[in-house]
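Source file: model18.txt. Holds: compact mmCIF, N, CA and C atoms and all ligand atoms.
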# COMPACT_ATOMS: atom_id res chain seq x y z
N MET F 931 -5.25 1.21 14.09
CA MET F 931 -4.25 2.14 13.58
C MET F 931 -3.91 1.80 12.13
N ASN F 932 -3.21 2.72 11.49
CA ASN F 932 -2.79 2.45 10.11
C ASN F 932 -1.37 1.88 10.15
N ILE F 933 -1.19 0.77 9.48
CA ILE F 933 0.10 0.09 9.48
C ILE F 933 0.62 0.00 8.05
N ALA F 934 1.81 0.56 7.85
CA ALA F 934 2.45 0.46 6.53
C ALA F 934 3.15 -0.89 6.44
N LEU F 935 2.96 -1.55 5.32
CA LEU F 935 3.44 -2.92 5.16
C LEU F 935 4.26 -3.01 3.88
N GLY F 936 5.48 -3.53 4.00
CA GLY F 936 6.32 -3.65 2.82
C GLY F 936 7.15 -4.91 2.85
N CYS F 937 7.53 -5.37 1.67
CA CYS F 937 8.34 -6.59 1.56
C CYS F 937 9.14 -6.55 0.28
N ASP F 938 10.06 -7.51 0.15
CA ASP F 938 10.66 -7.75 -1.16
C ASP F 938 10.18 -9.11 -1.66
N HIS F 939 10.75 -9.55 -2.77
CA HIS F 939 10.29 -10.79 -3.40
C HIS F 939 10.47 -12.01 -2.49
N GLY F 940 11.43 -11.94 -1.56
CA GLY F 940 11.68 -13.07 -0.67
C GLY F 940 10.61 -13.24 0.38
N ALA F 941 9.72 -12.28 0.47
CA ALA F 941 8.74 -12.30 1.56
C ALA F 941 7.33 -11.96 1.08
N TYR F 942 7.13 -12.03 -0.22
CA TYR F 942 5.82 -11.63 -0.75
C TYR F 942 4.67 -12.45 -0.14
N GLY F 943 4.85 -13.75 -0.05
CA GLY F 943 3.78 -14.60 0.49
C GLY F 943 3.46 -14.27 1.93
N LEU F 944 4.49 -14.08 2.75
CA LEU F 944 4.26 -13.75 4.16
C LEU F 944 3.63 -12.37 4.30
N LYS F 945 4.04 -11.45 3.46
CA LYS F 945 3.43 -10.11 3.50
C LYS F 945 1.93 -10.20 3.23
N GLU F 946 1.54 -11.02 2.28
CA GLU F 946 0.11 -11.17 1.99
C GLU F 946 -0.63 -11.79 3.18
N GLU F 947 0.01 -12.74 3.85
CA GLU F 947 -0.61 -13.34 5.04
C GLU F 947 -0.72 -12.31 6.17
N ALA F 948 0.32 -11.51 6.33
CA ALA F 948 0.29 -10.48 7.37
C ALA F 948 -0.80 -9.45 7.08
N LYS F 949 -1.00 -9.15 5.82
CA LYS F 949 -2.04 -8.19 5.45
C LYS F 949 -3.42 -8.69 5.86
N LEU F 950 -3.67 -9.97 5.65
CA LEU F 950 -4.95 -10.56 6.06
C LEU F 950 -5.12 -10.49 7.57
N LEU F 951 -4.05 -10.80 8.30
CA LEU F 951 -4.12 -10.76 9.76
C LEU F 951 -4.41 -9.34 10.25
N LEU F 952 -3.72 -8.37 9.68
CA LEU F 952 -3.91 -6.98 10.13
C LEU F 952 -5.35 -6.53 9.90
N ALA F 953 -5.91 -6.92 8.79
CA ALA F 953 -7.31 -6.57 8.51
C ALA F 953 -8.23 -7.27 9.51
N GLU F 954 -7.93 -8.52 9.80
CA GLU F 954 -8.72 -9.30 10.77
C GLU F 954 -8.68 -8.64 12.15
N LEU F 955 -7.54 -8.05 12.48
CA LEU F 955 -7.38 -7.39 13.78
C LEU F 955 -7.98 -5.98 13.79
N GLY F 956 -8.49 -5.55 12.65
CA GLY F 956 -9.19 -4.26 12.59
C GLY F 956 -8.31 -3.08 12.24
N HIS F 957 -7.12 -3.34 11.72
CA HIS F 957 -6.21 -2.25 11.35
C HIS F 957 -6.39 -1.87 9.88
N ASP F 958 -6.05 -0.62 9.59
CA ASP F 958 -5.97 -0.19 8.19
C ASP F 958 -4.55 -0.49 7.71
N VAL F 959 -4.44 -0.97 6.49
CA VAL F 959 -3.13 -1.34 5.96
C VAL F 959 -2.79 -0.46 4.77
N THR F 960 -1.58 0.09 4.79
CA THR F 960 -1.04 0.77 3.62
C THR F 960 0.03 -0.13 3.04
N ASP F 961 -0.33 -0.84 2.00
CA ASP F 961 0.56 -1.83 1.39
C ASP F 961 1.40 -1.15 0.31
N VAL F 962 2.70 -0.97 0.60
CA VAL F 962 3.57 -0.27 -0.36
C VAL F 962 4.23 -1.25 -1.33
N GLY F 963 3.88 -2.55 -1.24
CA GLY F 963 4.47 -3.54 -2.12
C GLY F 963 5.64 -4.25 -1.45
N CYS F 964 6.27 -5.18 -2.17
CA CYS F 964 6.05 -5.47 -3.58
C CYS F 964 4.78 -6.31 -3.75
N HIS F 965 4.43 -6.49 -5.02
CA HIS F 965 3.15 -7.14 -5.30
C HIS F 965 3.30 -8.43 -6.11
N SER F 966 4.51 -8.98 -6.16
CA SER F 966 4.71 -10.24 -6.88
C SER F 966 6.03 -10.86 -6.43
N LEU F 967 6.37 -11.99 -7.03
CA LEU F 967 7.62 -12.68 -6.69
C LEU F 967 8.79 -12.19 -7.54
N GLU F 968 8.55 -11.23 -8.39
CA GLU F 968 9.62 -10.68 -9.24
C GLU F 968 10.67 -9.99 -8.39
N SER F 969 11.93 -10.18 -8.73
CA SER F 969 13.02 -9.63 -7.92
C SER F 969 12.98 -8.10 -7.88
N VAL F 970 13.08 -7.58 -6.66
CA VAL F 970 13.06 -6.13 -6.44
C VAL F 970 14.17 -5.78 -5.44
N ASN F 971 14.33 -4.50 -5.16
CA ASN F 971 15.36 -4.02 -4.24
C ASN F 971 14.73 -3.60 -2.92
N TYR F 972 15.09 -4.31 -1.85
CA TYR F 972 14.42 -4.07 -0.57
C TYR F 972 14.49 -2.62 -0.05
N PRO F 973 15.57 -1.84 -0.32
CA PRO F 973 15.57 -0.47 0.22
C PRO F 973 14.40 0.38 -0.28
N ASP F 974 13.93 0.11 -1.50
CA ASP F 974 12.80 0.88 -2.01
C ASP F 974 11.58 0.72 -1.10
N TYR F 975 11.39 -0.47 -0.58
CA TYR F 975 10.20 -0.75 0.22
C TYR F 975 10.40 -0.32 1.67
N ALA F 976 11.63 -0.44 2.16
CA ALA F 976 11.93 0.08 3.50
C ALA F 976 11.70 1.59 3.52
N ASN F 977 12.21 2.27 2.49
CA ASN F 977 12.03 3.73 2.44
C ASN F 977 10.56 4.11 2.33
N ALA F 978 9.82 3.36 1.55
CA ALA F 978 8.40 3.68 1.35
C ALA F 978 7.62 3.54 2.66
N VAL F 979 7.89 2.49 3.40
CA VAL F 979 7.21 2.30 4.69
C VAL F 979 7.60 3.41 5.67
N CYS F 980 8.87 3.71 5.74
CA CYS F 980 9.33 4.76 6.68
C CYS F 980 8.74 6.12 6.30
N ASP F 981 8.66 6.38 5.01
CA ASP F 981 8.07 7.65 4.57
C ASP F 981 6.60 7.76 4.99
N LYS F 982 5.89 6.64 4.98
CA LYS F 982 4.48 6.66 5.41
C LYS F 982 4.36 7.00 6.90
N ILE F 983 5.31 6.54 7.68
CA ILE F 983 5.30 6.87 9.11
C ILE F 983 5.68 8.33 9.29
N THR F 984 6.70 8.76 8.59
CA THR F 984 7.17 10.15 8.72
C THR F 984 6.10 11.15 8.30
N ASP F 985 5.35 10.84 7.25
CA ASP F 985 4.34 11.83 6.79
C ASP F 985 3.01 11.69 7.54
N GLY F 986 2.95 10.76 8.49
CA GLY F 986 1.76 10.65 9.33
C GLY F 986 0.66 9.76 8.81
N THR F 987 0.88 9.18 7.63
CA THR F 987 -0.14 8.26 7.09
C THR F 987 -0.30 7.04 8.00
N SER F 988 0.83 6.52 8.45
CA SER F 988 0.84 5.29 9.25
C SER F 988 1.48 5.55 10.60
N GLN F 989 1.02 4.81 11.59
CA GLN F 989 1.58 4.93 12.94
C GLN F 989 2.69 3.90 13.16
N ARG F 990 2.60 2.78 12.49
CA ARG F 990 3.60 1.72 12.62
C ARG F 990 3.87 1.12 11.24
N GLY F 991 4.97 0.35 11.16
CA GLY F 991 5.31 -0.32 9.91
C GLY F 991 5.80 -1.73 10.16
N ILE F 992 5.60 -2.55 9.17
CA ILE F 992 6.14 -3.92 9.20
C ILE F 992 6.87 -4.14 7.87
N LEU F 993 8.13 -4.59 7.98
CA LEU F 993 8.96 -4.81 6.80
C LEU F 993 9.48 -6.24 6.83
N ILE F 994 9.33 -6.93 5.72
CA ILE F 994 9.75 -8.32 5.66
C ILE F 994 10.57 -8.54 4.39
N CYS F 995 11.76 -9.11 4.55
CA CYS F 995 12.53 -9.55 3.39
C CYS F 995 13.00 -10.98 3.68
N GLY F 996 14.02 -11.45 2.98
CA GLY F 996 14.45 -12.83 3.20
C GLY F 996 14.94 -13.05 4.62
N THR F 997 15.82 -12.17 5.07
CA THR F 997 16.38 -12.30 6.42
C THR F 997 15.87 -11.24 7.39
N GLY F 998 15.34 -10.16 6.86
CA GLY F 998 14.96 -9.00 7.68
C GLY F 998 16.11 -8.04 7.91
N ILE F 999 17.32 -8.47 7.57
CA ILE F 999 18.50 -7.66 7.88
C ILE F 999 18.56 -6.40 7.01
N GLY F 1000 18.42 -6.58 5.72
CA GLY F 1000 18.50 -5.42 4.83
C GLY F 1000 17.41 -4.41 5.13
N MET F 1001 16.21 -4.90 5.38
CA MET F 1001 15.10 -4.00 5.70
C MET F 1001 15.40 -3.21 6.98
N SER F 1002 15.93 -3.87 8.00
CA SER F 1002 16.18 -3.16 9.26
C SER F 1002 17.32 -2.16 9.10
N MET F 1003 18.33 -2.52 8.35
CA MET F 1003 19.43 -1.56 8.11
C MET F 1003 18.92 -0.32 7.40
N ALA F 1004 18.15 -0.54 6.35
CA ALA F 1004 17.65 0.60 5.56
C ALA F 1004 16.68 1.45 6.38
N ALA F 1005 15.80 0.80 7.12
CA ALA F 1005 14.79 1.55 7.89
C ALA F 1005 15.45 2.40 8.97
N ASN F 1006 16.48 1.87 9.61
CA ASN F 1006 17.10 2.60 10.72
C ASN F 1006 17.97 3.77 10.26
N ARG F 1007 18.09 3.98 8.96
CA ARG F 1007 18.74 5.19 8.46
C ARG F 1007 17.81 6.39 8.57
N HIS F 1008 16.52 6.13 8.77
CA HIS F 1008 15.54 7.23 8.89
C HIS F 1008 15.51 7.70 10.34
N LYS F 1009 15.59 9.02 10.51
CA LYS F 1009 15.79 9.58 11.84
C LYS F 1009 14.70 9.20 12.86
N ASN F 1010 13.47 9.20 12.43
CA ASN F 1010 12.38 8.98 13.38
C ASN F 1010 11.95 7.51 13.48
N ILE F 1011 12.74 6.65 12.89
CA ILE F 1011 12.36 5.23 12.84
C ILE F 1011 13.19 4.42 13.84
N ARG F 1012 12.49 3.58 14.58
CA ARG F 1012 13.14 2.60 15.45
C ARG F 1012 12.67 1.22 14.98
N ALA F 1013 13.50 0.65 14.10
CA ALA F 1013 13.13 -0.64 13.49
C ALA F 1013 13.80 -1.77 14.25
N ALA F 1014 13.03 -2.77 14.61
CA ALA F 1014 13.54 -3.90 15.37
C ALA F 1014 13.46 -5.17 14.52
N LEU F 1015 14.61 -5.80 14.34
CA LEU F 1015 14.66 -7.09 13.65
C LEU F 1015 14.45 -8.20 14.68
N CYS F 1016 13.36 -8.91 14.57
CA CYS F 1016 12.99 -9.92 15.57
C CYS F 1016 12.65 -11.25 14.87
N HIS F 1017 13.02 -12.32 15.57
CA HIS F 1017 12.70 -13.63 15.02
C HIS F 1017 12.10 -14.57 16.05
N GLU F 1018 11.71 -14.00 17.16
CA GLU F 1018 10.98 -14.79 18.16
C GLU F 1018 10.13 -13.84 19.01
N LEU F 1019 9.28 -14.44 19.85
CA LEU F 1019 8.24 -13.67 20.52
C LEU F 1019 8.79 -12.70 21.57
N PHE F 1020 9.83 -13.13 22.30
CA PHE F 1020 10.31 -12.29 23.41
C PHE F 1020 10.84 -10.96 22.92
N THR F 1021 11.69 -10.99 21.88
CA THR F 1021 12.24 -9.72 21.41
C THR F 1021 11.18 -8.89 20.70
N ALA F 1022 10.21 -9.54 20.08
CA ALA F 1022 9.11 -8.78 19.47
C ALA F 1022 8.38 -7.98 20.54
N GLU F 1023 8.11 -8.62 21.66
CA GLU F 1023 7.42 -7.94 22.77
C GLU F 1023 8.30 -6.85 23.38
N MET F 1024 9.56 -7.18 23.64
CA MET F 1024 10.47 -6.21 24.29
C MET F 1024 10.76 -5.02 23.38
N SER F 1025 10.75 -5.25 22.08
CA SER F 1025 11.02 -4.12 21.16
C SER F 1025 9.96 -3.05 21.30
N ARG F 1026 8.80 -3.43 21.73
CA ARG F 1026 7.73 -2.45 21.98
C ARG F 1026 7.86 -1.90 23.41
N GLU F 1027 7.95 -2.77 24.39
CA GLU F 1027 7.92 -2.34 25.78
C GLU F 1027 9.13 -1.49 26.15
N HIS F 1028 10.31 -1.85 25.68
CA HIS F 1028 11.53 -1.14 26.07
C HIS F 1028 12.01 -0.14 25.02
N ASN F 1029 11.75 -0.43 23.75
CA ASN F 1029 12.36 0.37 22.68
C ASN F 1029 11.36 1.18 21.86
N ASP F 1030 10.09 1.03 22.15
CA ASP F 1030 9.05 1.73 21.40
C ASP F 1030 9.27 1.59 19.89
N ALA F 1031 9.61 0.38 19.46
CA ALA F 1031 9.85 0.15 18.03
C ALA F 1031 8.61 0.54 17.24
N ASN F 1032 8.83 1.35 16.19
CA ASN F 1032 7.69 1.67 15.34
C ASN F 1032 7.71 0.90 14.02
N VAL F 1033 8.75 0.11 13.83
CA VAL F 1033 8.79 -0.80 12.67
C VAL F 1033 9.26 -2.17 13.15
N LEU F 1034 8.55 -3.19 12.74
CA LEU F 1034 8.94 -4.58 13.00
C LEU F 1034 9.49 -5.17 11.71
N CYS F 1035 10.71 -5.70 11.79
CA CYS F 1035 11.33 -6.37 10.64
C CYS F 1035 11.44 -7.86 10.92
N MET F 1036 11.16 -8.64 9.90
CA MET F 1036 11.25 -10.10 10.04
C MET F 1036 11.83 -10.70 8.76
N GLY F 1037 12.37 -11.90 8.89
CA GLY F 1037 12.92 -12.62 7.76
C GLY F 1037 12.05 -13.81 7.40
N ALA F 1038 11.49 -13.76 6.22
CA ALA F 1038 10.57 -14.83 5.79
C ALA F 1038 11.30 -16.12 5.48
N ARG F 1039 12.64 -16.03 5.29
CA ARG F 1039 13.42 -17.25 5.05
C ARG F 1039 14.03 -17.77 6.35
N VAL F 1040 13.71 -17.10 7.45
CA VAL F 1040 14.27 -17.47 8.75
C VAL F 1040 13.22 -18.17 9.62
N ILE F 1041 12.02 -17.62 9.61
CA ILE F 1041 10.95 -18.17 10.45
C ILE F 1041 9.74 -18.51 9.59
N GLY F 1042 8.89 -19.34 10.13
CA GLY F 1042 7.68 -19.73 9.42
C GLY F 1042 6.55 -18.75 9.67
N PRO F 1043 5.49 -18.87 8.89
CA PRO F 1043 4.38 -17.92 9.00
C PRO F 1043 3.64 -17.98 10.34
N GLY F 1044 3.58 -19.15 10.94
CA GLY F 1044 2.88 -19.24 12.23
C GLY F 1044 3.53 -18.38 13.29
N LEU F 1045 4.83 -18.48 13.41
CA LEU F 1045 5.56 -17.66 14.38
C LEU F 1045 5.52 -16.19 13.99
N ALA F 1046 5.72 -15.92 12.72
CA ALA F 1046 5.74 -14.52 12.27
C ALA F 1046 4.42 -13.82 12.59
N LEU F 1047 3.33 -14.48 12.33
CA LEU F 1047 2.03 -13.84 12.56
C LEU F 1047 1.74 -13.68 14.05
N GLN F 1048 2.20 -14.62 14.85
CA GLN F 1048 2.04 -14.47 16.31
C GLN F 1048 2.90 -13.32 16.82
N MET F 1049 4.08 -13.14 16.25
CA MET F 1049 4.92 -12.00 16.60
C MET F 1049 4.22 -10.69 16.27
N VAL F 1050 3.57 -10.65 15.12
CA VAL F 1050 2.84 -9.43 14.73
C VAL F 1050 1.75 -9.13 15.75
N ARG F 1051 1.03 -10.16 16.17
CA ARG F 1051 -0.04 -9.97 17.17
C ARG F 1051 0.52 -9.37 18.45
N ILE F 1052 1.59 -9.96 18.95
CA ILE F 1052 2.17 -9.50 20.22
C ILE F 1052 2.77 -8.10 20.07
N TRP F 1053 3.44 -7.89 18.96
CA TRP F 1053 4.09 -6.58 18.72
C TRP F 1053 3.04 -5.46 18.69
N LEU F 1054 1.90 -5.74 18.10
CA LEU F 1054 0.86 -4.71 18.03
C LEU F 1054 0.14 -4.52 19.36
N ALA F 1055 0.10 -5.56 20.17
CA ALA F 1055 -0.66 -5.48 21.42
C ALA F 1055 0.15 -4.92 22.58
N THR F 1056 1.46 -4.83 22.44
CA THR F 1056 2.31 -4.43 23.56
C THR F 1056 2.53 -2.92 23.59
N GLU F 1057 2.27 -2.33 24.75
CA GLU F 1057 2.45 -0.88 24.94
C GLU F 1057 3.90 -0.56 25.31
N PHE F 1058 4.32 0.62 24.98
CA PHE F 1058 5.64 1.13 25.37
C PHE F 1058 5.64 1.40 26.88
N GLY F 1059 6.72 1.01 27.54
CA GLY F 1059 6.81 1.18 28.99
C GLY F 1059 7.12 2.60 29.44
N ALA F 1060 7.66 3.44 28.53
CA ALA F 1060 8.02 4.84 28.82
C ALA F 1060 8.98 4.93 30.02
N GLY F 1061 8.93 6.04 30.78
CA GLY F 1061 9.83 6.18 31.94
C GLY F 1061 11.29 6.12 31.53
N ARG F 1062 12.05 5.25 32.20
CA ARG F 1062 13.48 5.14 31.92
C ARG F 1062 13.76 4.74 30.47
N HIS F 1063 12.81 4.04 29.86
CA HIS F 1063 13.01 3.62 28.48
C HIS F 1063 12.92 4.82 27.54
N GLN F 1064 12.06 5.77 27.88
CA GLN F 1064 11.95 6.99 27.08
C GLN F 1064 13.27 7.78 27.15
N THR F 1065 13.84 7.87 28.34
CA THR F 1065 15.12 8.57 28.53
C THR F 1065 16.18 7.96 27.63
N ARG F 1066 16.23 6.65 27.57
CA ARG F 1066 17.26 5.96 26.78
C ARG F 1066 17.05 6.17 25.29
N ILE F 1067 15.78 6.17 24.87
CA ILE F 1067 15.50 6.41 23.45
C ILE F 1067 15.93 7.82 23.07
N GLU F 1068 15.68 8.77 23.96
CA GLU F 1068 16.06 10.17 23.66
C GLU F 1068 17.57 10.31 23.53
N MET F 1069 18.33 9.43 24.17
CA MET F 1069 19.79 9.50 24.10
C MET F 1069 20.34 9.15 22.72
N PHE F 1070 19.54 8.47 21.91
CA PHE F 1070 20.04 8.17 20.56
C PHE F 1070 19.15 8.74 19.45
N SER F 1071 18.22 9.61 19.85
CA SER F 1071 17.29 10.17 18.85
C SER F 1071 17.78 11.53 18.34
C1 LIG F 1101 17.02 -10.95 -1.41
O1 LIG F 1101 17.58 -12.00 -2.08
C2 LIG F 1101 17.60 -10.84 -0.02
O2 LIG F 1101 18.89 -10.34 -0.08
C3 LIG F 1101 16.73 -9.97 0.85
O3 LIG F 1101 15.46 -10.51 0.91
C4 LIG F 1101 17.16 -9.79 2.28
O4 LIG F 1101 17.41 -11.00 2.90
C5 LIG F 1101 18.23 -8.81 2.49
O5 LIG F 1101 18.61 -8.49 3.63
Turn the structure described in the file into structure tokens.
Amino acid sequence: MNIALGCDHGAYGLKEEAKLLLAELGHDVTDVGCHSLESVNYPDYANAVCDKITDGTSQRGILICGTGIGMSMAANRHKNIRAALCHELFTAEMSREHNDANVLCMGARVIGPGLALQMVRIWLATEFGAGRHQTRIEMFS
């Protein structure tokens, strides 16, 4: 699938590592930036990733900033986006199975790259459970 990938300066290194992993897993990556350690504003990148999902370019998105908080707040302002801020494996998996999260947010200053990349693997591999979970999603969509 095509995955939109965005970060701010606090997560540039992890974003580059995630990009390598996604390619290794056979995904197409739409990298909306940022592309250096220069200070930027995370909402620009959250909006860019969400726009790629909304216009159909990408099926999923991954957003990384220092804490993941700003990215998740900004992404969840978009109507069709269900962004999940996760910092461990269980919630990364459940965000897919129960919540059909289409954006994964992480904090590069919170967790290390080993855990973050394993979360990406699990998040991409987990299917949505549908059924009662679909009903609940429709209640806030
Ligand atoms: C940038 O310094 C920092 O505020 C940002 O990466 C993020 O943590 C915001 O939620």
Edge lengths and centre in Å to one decimal, as AutoDock Vina command-line options, is what I'm after for the box along x, y and z that holds all listed atoms of stretch 1032-1050 of chain F once 3 Å is added on each side.
--center_x 8.0 --center_y -9.0 --center_z 10.9 --size_x 18.5 --size_y 27.4 --size_z 17.8
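Between F:His1017 and the residues F:Leu955, F:Cys937, F:Cys1035, F:Met1003, the shortest atom-to-atom distance, using all atoms listed in the file, involves F:Cys1035.
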Among listed residues F:Ala941, F:Ala1014, F:Ala934, F:Leu952, nearest F:Ser966 (using only C-alpha atoms):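 Ranked by minimum distance to F:Ser966, first place goes to F:Ala941.
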Here is a test: counting all atoms listed in the file, which residue of F:Gly1044, F:Gly943, F:Ser1002, F:Gly963 is nearest to ligand LIG 1101 (chain F)? F:Ser1002
Let's see if you can do this: from backbone DSSP, list all strand (DSSP E or B) residues in stretch 957-1068 of chain F, as a PDB file with N, CA and C atoms, in the frame of the given file.
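Writing done, so here's states_2.pdb:
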ATOM      1  N   ASP F 958      -6.050  -0.620   9.590  1.00  0.00           N
ATOM      2  CA  ASP F 958      -5.970  -0.190   8.190  1.00  0.00           C
ATOM      3  C   ASP F 958      -4.550  -0.490   7.710  1.00  0.00           C
ATOM      4  N   VAL F 959      -4.440  -0.970   6.490  1.00  0.00           N
ATOM      5  CA  VAL F 959      -3.130  -1.340   5.960  1.00  0.00           C
ATOM      6  C   VAL F 959      -2.790  -0.460   4.770  1.00  0.00           C
ATOM      7  N   THR F 960      -1.580   0.090   4.790  1.00  0.00           N
ATOM      8  CA  THR F 960      -1.040   0.770   3.620  1.00  0.00           C
ATOM      9  C   THR F 960       0.030  -0.130   3.040  1.00  0.00           C
ATOM     10  N   ASP F 961      -0.330  -0.840   2.000  1.00  0.00           N
ATOM     11  CA  ASP F 961       0.560  -1.830   1.390  1.00  0.00           C
ATOM     12  C   ASP F 961       1.400  -1.150   0.310  1.00  0.00           C
ATOM     13  N   VAL F 962       2.700  -0.970   0.600  1.00  0.00           N
ATOM     14  CA  VAL F 962       3.570  -0.270  -0.360  1.00  0.00           C
ATOM     15  C   VAL F 962       4.230  -1.250  -1.330  1.00  0.00           C
ATOM     16  N   GLY F 963       3.880  -2.550  -1.240  1.00  0.00           N
ATOM     17  CA  GLY F 963       4.470  -3.540  -2.120  1.00  0.00           C
ATOM     18  C   GLY F 963       5.640  -4.250  -1.450  1.00  0.00           C
ATOM     19  N   ARG F 990       2.600   2.780  12.490  1.00  0.00           N
ATOM     20  CA  ARG F 990       3.600   1.720  12.620  1.00  0.00           C
ATOM     21  C   ARG F 990       3.870   1.120  11.240  1.00  0.00           C
ATOM     22  N   GLY F 991       4.970   0.350  11.160  1.00  0.00           N
ATOM     23  CA  GLY F 991       5.310  -0.320   9.910  1.00  0.00           C
ATOM     24  C   GLY F 991       5.800  -1.730  10.160  1.00  0.00           C
ATOM     25  N   ILE F 992       5.600  -2.550   9.170  1.00  0.00           N
ATOM     26  CA  ILE F 992       6.140  -3.920   9.200  1.00  0.00           C
ATOM     27  C   ILE F 992       6.870  -4.140   7.870  1.00  0.00           C
ATOM     28  N   LEU F 993       8.130  -4.590   7.980  1.00  0.00           N
ATOM     29  CA  LEU F 993       8.960  -4.810   6.800  1.00  0.00           C
ATOM     30  C   LEU F 993       9.480  -6.240   6.830  1.00  0.00           C
ATOM     31  N   ILE F 994       9.330  -6.930   5.720  1.00  0.00           N
ATOM     32  CA  ILE F 994       9.750  -8.320   5.660  1.00  0.00           C
ATOM     33  C   ILE F 994      10.570  -8.540   4.390  1.00  0.00           C
ATOM     34  N   CYS F 995      11.760  -9.110   4.550  1.00  0.00           N
ATOM     35  CA  CYS F 995      12.530  -9.550   3.390  1.00  0.00           C
ATOM     36  C   CYS F 995      13.000 -10.980   3.680  1.00  0.00           C
ATOM     37  N   ALA F1013      13.500   0.650  14.100  1.00  0.00           N
ATOM     38  CA  ALA F1013      13.130  -0.640  13.490  1.00  0.00           C
ATOM     39  C   ALA F1013      13.800  -1.770  14.250  1.00  0.00           C
ATOM     40  N   ALA F1014      13.030  -2.770  14.610  1.00  0.00           N
ATOM     41  CA  ALA F1014      13.540  -3.900  15.370  1.00  0.00           C
ATOM     42  C   ALA F1014      13.460  -5.170  14.520  1.00  0.00           C
ATOM     43  N   LEU F1015      14.610  -5.800  14.340  1.00  0.00           N
ATOM     44  CA  LEU F1015      14.660  -7.090  13.650  1.00  0.00           C
ATOM     45  C   LEU F1015      14.450  -8.200  14.680  1.00  0.00           C
ATOM     46  N   VAL F1033       8.750   0.110  13.830  1.00  0.00           N
ATOM     47  CA  VAL F1033       8.790  -0.800  12.670  1.00  0.00           C
ATOM     48  C   VAL F1033       9.260  -2.170  13.150  1.00  0.00           C
ATOM     49  N   LEU F1034       8.550  -3.190  12.740  1.00  0.00           N
ATOM     50  CA  LEU F1034       8.940  -4.580  13.000  1.00  0.00           C
ATOM     51  C   LEU F1034       9.490  -5.170  11.710  1.00  0.00           C
ATOM     52  N   CYS F1035      10.710  -5.700  11.790  1.00  0.00           N
ATOM     53  CA  CYS F1035      11.330  -6.370  10.640  1.00  0.00           C
ATOM     54  C   CYS F1035      11.440  -7.860  10.920  1.00  0.00           C
ATOM     55  N   MET F1036      11.160  -8.640   9.900  1.00  0.00           N
ATOM     56  CA  MET F1036      11.250 -10.100  10.040  1.00  0.00           C
ATOM     57  C   MET F1036      11.830 -10.700   8.760  1.00  0.00           C
ATOM     58  N   GLY F1037      12.370 -11.900   8.890  1.00  0.00           N
ATOM     59  CA  GLY F1037      12.920 -12.620   7.760  1.00  0.00           C
ATOM     60  C   GLY F1037      12.050 -13.810   7.400  1.00  0.00           C
TER      61      GLY F1037
END
Would you give me, as a PyMOL selection string, the residues in chain F that DSSP reads as helix (DSSP H, G or I)? chain F and resi 939-954+972-984+999-1005+1019-1027+1043-1055+1062-1069
Counting only C-alpha atoms, which of F:Met1001, F:Val979, F:Val959, F:Ala948 gets nearest to F:Met1049? F:Ala948
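Around ligand LIG 1101 (chain F), using all atoms listed in the file and a cut-off of 5 Å, the residues in contact are Gly940, Cys995, Gly996, Thr997, Gly998, Ile999, Gly1000 and Met1001 of chain F.
The gap separating atom CA of F:Thr1021 from atom CA of F:His1008 is 21.3 Å, in Å to one decimal.
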Could you check the closest approach to F:Met931 for each of F:Arg990, F:Arg1066, F:Arg1007, F:Lys945 and tell me which residue wins, using only C-alpha atoms?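 Smallest distance to F:Met931 is found for F:Arg990.
Interatomic distance, atom C of F:Asp985 against atom CA of F:Leu1047: 26.0 Å.
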Near F:Phe1058, within 12 Å and counting only C-alpha atoms, which residues show up once chain neighbours fewer than 6 positions away are dropped, as a tab-separated table (two decimals) with N, CA and C atoms, in the coordinates of the input?
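Output file selection.tsv follows:
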chain	number	residue	atom	x	y	z
F	1023	GLU	N	8.11	-8.62	21.66
F	1023	GLU	CA	7.42	-7.94	22.77
F	1023	GLU	C	8.30	-6.85	23.38
F	1024	MET	N	9.56	-7.18	23.64
F	1024	MET	CA	10.47	-6.21	24.29
F	1024	MET	C	10.76	-5.02	23.38
F	1025	SER	N	10.75	-5.25	22.08
F	1025	SER	CA	11.02	-4.12	21.16
F	1025	SER	C	9.96	-3.05	21.30
F	1026	ARG	N	8.80	-3.43	21.73
F	1026	ARG	CA	7.73	-2.45	21.98
F	1026	ARG	C	7.86	-1.90	23.41
F	1027	GLU	N	7.95	-2.77	24.39
F	1027	GLU	CA	7.92	-2.34	25.78
F	1027	GLU	C	9.13	-1.49	26.15
F	1028	HIS	N	10.31	-1.85	25.68
F	1028	HIS	CA	11.53	-1.14	26.07
F	1028	HIS	C	12.01	-0.14	25.02
F	1029	ASN	N	11.75	-0.43	23.75
F	1029	ASN	CA	12.36	0.37	22.68
F	1029	ASN	C	11.36	1.18	21.86
F	1030	ASP	N	10.09	1.03	22.15
F	1030	ASP	CA	9.05	1.73	21.40
F	1030	ASP	C	9.27	1.59	19.89
F	1031	ALA	N	9.61	0.38	19.46
F	1031	ALA	CA	9.85	0.15	18.03
F	1031	ALA	C	8.61	0.54	17.24
F	1032	ASN	N	8.83	1.35	16.19
F	1032	ASN	CA	7.69	1.67	15.34
F	1032	ASN	C	7.71	0.90	14.02
F	1064	GLN	N	12.06	5.77	27.88
F	1064	GLN	CA	11.95	6.99	27.08
F	1064	GLN	C	13.27	7.78	27.15
F	1067	ILE	N	15.78	6.17	24.87
F	1067	ILE	CA	15.50	6.41	23.45
F	1067	ILE	C	15.93	7.82	23.07
Please measure the separation of atom CA of F:Leu1015 and atom CA of F:Tyr942, giving the value in Å to one decimal. 17.5 Å
Given the choices F:Leu935, F:Glu954, F:Val970, F:Leu1019, which gets closest to F:Ile983 if the distance is worked out from only C-alpha atoms?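 The answer is F:Leu935, which sits nearest to F:Ile983.
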Skip F:Asn932 itself and residues of its chain fewer than 6 positions away, then list as a count of residues only all residues within 8 Å of it, counting only N, CA and C atoms. 10
